[in-house]
There are 4 protein chains.
Amino acid sequence: MKPATRETVATQPKRRKEARRSEILAAAREVFASKPFEGASVSEIAARASCVEGTIYTVFRNKRALFDAVLVQFYDALIADIEPHFNLIRGTRDRLRYLVARHLRIAVDSPDIASMIMRESRAHSVYFGSTLHALNRRYSSFIQRTLAEGVERGELRADLDLALARDMVFGALEHWIWNQLARRRSFDALRVAEEIVSMLLEGWSTRAEAAEFATLSRRLERVESKVLGSPAQTRPQRGRPRSGS
Amino acid sequence: MKPATRETVATQPKRRKEARRSEILAAAREVFASKPFEGASVSEIAARASCVEGTIYTVFRNKRALFDAVLVQFYDALIADIEPHFNLIRGTRDRLRYLVARHLRIAVDSPDIASMIMRESRAHSVYFGSTLHALNRRYSSFIQRTLAEGVERGELRADLDLALARDMVFGALEHWIWNQLARRRSFDALRVAEEIVSMLLEGWSTRAEAAEFATLSRRLERVESKVLGSPAQTRPQRGRPRSGS
Amino acid sequence: MKPATRETVATQPKRRKEARRSEILAAAREVFASKPFEGASVSEIAARASCVEGTIYTVFRNKRALFDAVLVQFYDALIADIEPHFNLIRGTRDRLRYLVARHLRIAVDSPDIASMIMRESRAHSVYFGSTLHALNRRYSSFIQRTLAEGVERGELRADLDLALARDMVFGALEHWIWNQLARRRSFDALRVAEEIVSMLLEGWSTRAEAAEFATLSRRLERVESKVLGSPAQTRPQRGRPRSGS
Amino acid sequence: MKPATRETVATQPKRRKEARRSEILAAAREVFASKPFEGASVSEIAARASCVEGTIYTVFRNKRALFDAVLVQFYDALIADIEPHFNLIRGTRDRLRYLVARHLRIAVDSPDIASMIMRESRAHSVYFGSTLHALNRRYSSFIQRTLAEGVERGELRADLDLALARDMVFGALEHWIWNQLARRRSFDALRVAEEIVSMLLEGWSTRAEAAEFATLSRRLERVESKVLGSPAQTRPQRGRPRSGS
DNA sequence: TATGAATGAGCCTTCATTCAT
DNA sequence: GATGAATGAAGGCTCATTCAT
């Protein structure tokens, strides 16, 4: 009868439903994290959410929709967290370091979701077109943009194969995280990020060509001085200052 | 009772058993390739092997053992194929290029098995300790050795994190292959291998020396041709060979 | 609190309730027409009536009561439509023709309801005692009366088994309608009615007298026209009027 | 070891499976007879067949296949029983009487199946194309043939609408049987058959035209005698000797 | 009075595995 | 050794109905 009561009448069910949704979502997250989609049972989720199976179907259309909702919840939060930080960073190396470290932190903060996503991305041949695929695309656009702009700015090789580069980043991350999670090892996300970025940007070689370059230079100088009378141009500074590891 | 019969009793069963095993293995390979472990049914495998379900259990302890047998068969053949070739290659870049290309060729030759392995590696949290894990370790030892010896020989940076490097190789390969298979794209294994190895070894950064190297080369050629009448042998064109492998 | 509100409190609810009932009834009619009782869901009816499931239970005791209400509504209207017309017809043949044609018109006007009734009459072994049974009895009383009075008047065989005759009429109609509806054929109710009534009243046998009757008629006409200058009134053409009604 | 034993080894499983099939079929028949297809539960059938639900699925693909098997079993036996008798009967009236009586006997011998078939023929809009439809067509071909040949032989009116006639026979039977079954009345199949056939063949009319015919005759005689001096031809024997009822 | 969230029993179907033959 | 019928637990999902608000 009082306005407050009326409001209660109006909002209480909504609030309740919202709470239920959260409970179920949390329960689903736990269960889907612990076993593959097909292996996870709705009844277990219901039990963990302290409701009956039927209730789940009043909130989510079916098991798949519930699964997708878990993913969306996670990715939305993740992207919302990344965006403002990312927008403040300009340099390609800095952006990469940030994104790689942020990605590694997922494995530290939410190892359950991390393995769930890695598992399910591979689980179905119908992955393409799935909600997970769409979310992954949104998420990976940060890397895409970083790489594309890196090339534009001349910080990355002009002929860099962007798709391959993206796969290399995510592939390295996925493999590394998978191994750490499986071995239950912890790690320092920032340190590993720096190491990875360094490996990606500067490569693994000791650069045999540095030696060749020197030889070449010497031969050239010798020849030129003999023939032309002017010394060859020497090579600029090699190697970068290595930070981390 | 007749000699022929006796012989049958003695040798036929062995032969028969072996044949049965092969038939079942082949059938299982097809089925497991087409759907995830949980989705594949023993009855379908039996049907495809032209036997009944019970028979499978006389040869394999259970479904998982059958699955593992399929994997062992595949990896054994793969490793046996790689080993002799690998042993003939010395240079780190050459070894890497070979191993990467060989890995890519799996996706070209047996895309179904390739997806199956990628899928099942991620399927269970109990991956570690599994047969698949052991096989993967055997298989990846080629890369491990290549990397370790690459450092020893000074061809790779002394401070290279070997585990990270290995994950980077396999991660890049897995992601790339997954994307190509899902999109049903085909690709030139050798060309992609060269591209990947180049990206890994030389990194993504623009490097002033690449330009300098070119300048140097041109100058050298000019001089040498003037003096000697024949161009000097330099390393072939630097940067990724975008056209062909 | 305001006069308007008071009026609302007093009369609006009644009006509202009545409107609700109608909306639900209309929605239920559509849904029950499209699928069997068991297959029709209360939630679908609620959705189509733009209310929630709970509301339906404030108006109808349960799903079965709702279904019965749909039937009552339909039969009441049908009987109210038939009664005045029927009361104006005296002859047995004319009455039969009217009732048969009217019945056939249900299938033309409301094919969905027609199938629904045919379907549900057979659906439950507990048909007897059901609302539908009672309604069918009320409806079939037109035929009962026609047949009984037909015998009384000497228009129908005195030894006609009335129950059997009634079943023959409705059985023929039901089968015929079912076949036409299932094949999505349309038909001319009047023509078919005449055909059915003729088959029922005169039977299927060839009767020598039909031919004789024709001969007799022709002879009579010839003679009468010769003698009297105008044709005698005979029964119109015997045999079923195959063309038109 | 003995041939007999060997045979046992070979045939026992078959025999067992066959027995199981029969048990399940019998149980299914009972359950489907007592409630509509959708309402009948596989678990109830399993319980009544003293096996678990899973067993049913080793014999029948699904619930629908089981249902169809019940129908096929019934119709096959029915048609096999009718065929030899039918082939010995020539006259249209005799054939009709036999078929009608045989049909009525179904309701006496297998009232459960009878109501089940009547119910399910109406249950689904997808009836056309169903197994039941196909079986019904095979079964009703006896009537179709009887009617068509009856016309050919001149025993039935040449312009008889065969489809309508068939619907009239089956419709009358269905309605009559349904009513008797529902009221749990028994009846004398032969007597009712004779009554039905008589009603169908000779019609219900007392034949007002008999009176007209007489009038006509009288008028004609009067006129002819006056004009031509010769008496009109008198009408042949009317009415048939009524057997039964 | 109307709401709509919650219930909970029940349904059909699948499948790895066993075991008597 | 091979067979294949039988098991029985489990799974996802639906829906009429209730009841606190």
# chains A, B, ... in the order shown; residues from 1 in each chain; ligands from 1
$ interface_residues --of "chain A" --to "chain F" --cutoff "8 Å" --atoms "only C-alpha atoms (C1' of nucleotides)" --output "PyMOL selection string"
chain A and resi 9+41-42+62-63
$ residues_around --residues "C:Val197" --least-positions-apart "4" --cutoff "9 Å" --atoms "only C-alpha atoms (C1' of nucleotides)" --output "JSON, numbers by chain"
{"C": [93, 96, 97, 100, 169, 192, 193, 201, 202]}
$ write_last_selection --atoms "C-alpha atoms" --output "PDB file, in the first residue's frame"
ATOM      1  CA  ARG C  93     -35.161 -35.483 -46.760  1.00  0.00           C
ATOM      2  CA  LEU C  96     -31.370 -34.401 -43.502  1.00  0.00           C
ATOM      3  CA  ARG C  97     -30.033 -32.431 -46.403  1.00  0.00           C
ATOM      4  CA  VAL C 100     -25.687 -32.781 -43.437  1.00  0.00           C
ATOM      5  CA  VAL C 169     -24.781 -40.262 -40.968  1.00  0.00           C
ATOM      6  CA  VAL C 192     -21.957 -33.462 -51.237  1.00  0.00           C
ATOM      7  CA  ALA C 193     -24.880 -33.226 -48.837  1.00  0.00           C
ATOM      8  CA  LEU C 201     -32.216 -42.681 -48.433  1.00  0.00           C
ATOM      9  CA  GLU C 202     -32.279 -44.558 -51.685  1.00  0.00           C
TER      10      GLU C 202
END
$ interface_residues --of "chain E" --to "chain D" --cutoff "9 Å" --atoms "only C-alpha atoms (C1' of nucleotides)" --output "list in words"
DC11, DC12, DT13, DT14 and DT21 of chain E
$ interface_residues --of "chain B" --to "chain A" --cutoff "6 Å" --atoms "only C-alpha atoms" --output "VMD selection string"
chain B and resid 119 122 to 123 155 to 157 167 to 168 171 to 172 175 to 176 200 to 206 220
